[in-house]
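Asks: Here you go, one structure.
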Amino acid sequence: MDNNDFVIKAVDTTLYVTLGYELSIANSSALQDQLRQYQGKNIQKVVFDATDLVYISSSGIRAVVFAMQHVTHKPNIEFVNCASEIIDSFEITGISNFIKFVKDERSNAQADNTGAGNDEWEKQLSDIRQEQLDDFAAHNDVVVYQMKLGEIEE
């Protein structure tokens, strides 16, 4: 992966985007800029490999929407090996109906290039996911608390 934490590769009419650990404000504009280069290039489908993705922000979701609206002729977006927490984010925003979620078991076995799963890598990934979820929950508790305070006031 490069500093932007993603890699893009075009094969025929399909654009493959391999994502890193996060798609956030730190790298989503760079992704969107690179996706812009494929506008008008007869891309029929965009496949996001989310095997390593543990966090997506609203900026990251915006980059996915950009791919839907400007790169493909129709919303033909696929997410491979997407964590349930990430799928939940797409469901909350209402765009999950336009995304096909696919589980590719082969990529888990290829994670360490030996054909066998890597327990240490899975543990690290699980720990990172938990950290991101805890951070997300902490921020959402504040928002919910503020909404409750606003609702009590009359």
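Residue names in the structure tokens use chain letters A, B, ... in the order shown, residue numbers from 1 in each chain, and ligand numbers from 1 in the order shown.
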Contacts between range 70-83 of chain A and range 1-41 of chain A, please, where a residue of range 1-41 of chain A counts if it comes within 10 Å (with only C-alpha atoms); show its shortest atom pair and distance in Å to one decimal, rows by chain and ascending number, as CSV.
Replies:
residue,atom,partner,partner_atom,distance
A:Thr13,CA,A:Thr72,CA,9.3
A:Thr14,CA,A:Thr72,CA,9.2
A:Leu15,CA,A:Val71,CA,9.1
A:Tyr16,CA,A:Glu78,CA,9.6
A:Val17,CA,A:Phe79,CA,9.5
A:Thr18,CA,A:Val80,CA,9.5
A:Leu35,CA,A:Val71,CA,6.9
A:Arg36,CA,A:Val71,CA,7.1
A:Gln37,CA,A:Val71,CA,8.7
A:Tyr38,CA,A:Val71,CA,6.1
A:Gln39,CA,A:Val71,CA,4.8
A:Gly40,CA,A:Val71,CA,7.1
A:Lys41,CA,A:Val71,CA,8.0
Asks: Work out how far CA of Asp52 in chain A is from CA of Phe6 in chain A, in Å to one decimal.
Replies: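 Computing the Euclidean distance for CA of Phe6 in chain A and CA of Asp52 in chain A yields 10.3 Å.
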Asks: Between CA of Val47 in chain A and CA of Arg62 in chain A, measure the distance and give it in Å to one decimal.
Replies: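 The value is 15.7 Å.
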Asks: Please compute the CA of Leu53 in chain A-CA of Gly20 in chain A distance, one decimal, in Å.
Replies: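 Answer for the CA of Leu53 in chain A to CA of Gly20 in chain A separation: 5.6 Å.
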Asks: Leaving out range 88-96 of chain A and any residue of its chain fewer than 4 positions from it, which residues lie within 8 Å of it when counting only C-alpha atoms, given as number ranges by chain?
Replies: A: 56, 61, 84, 100
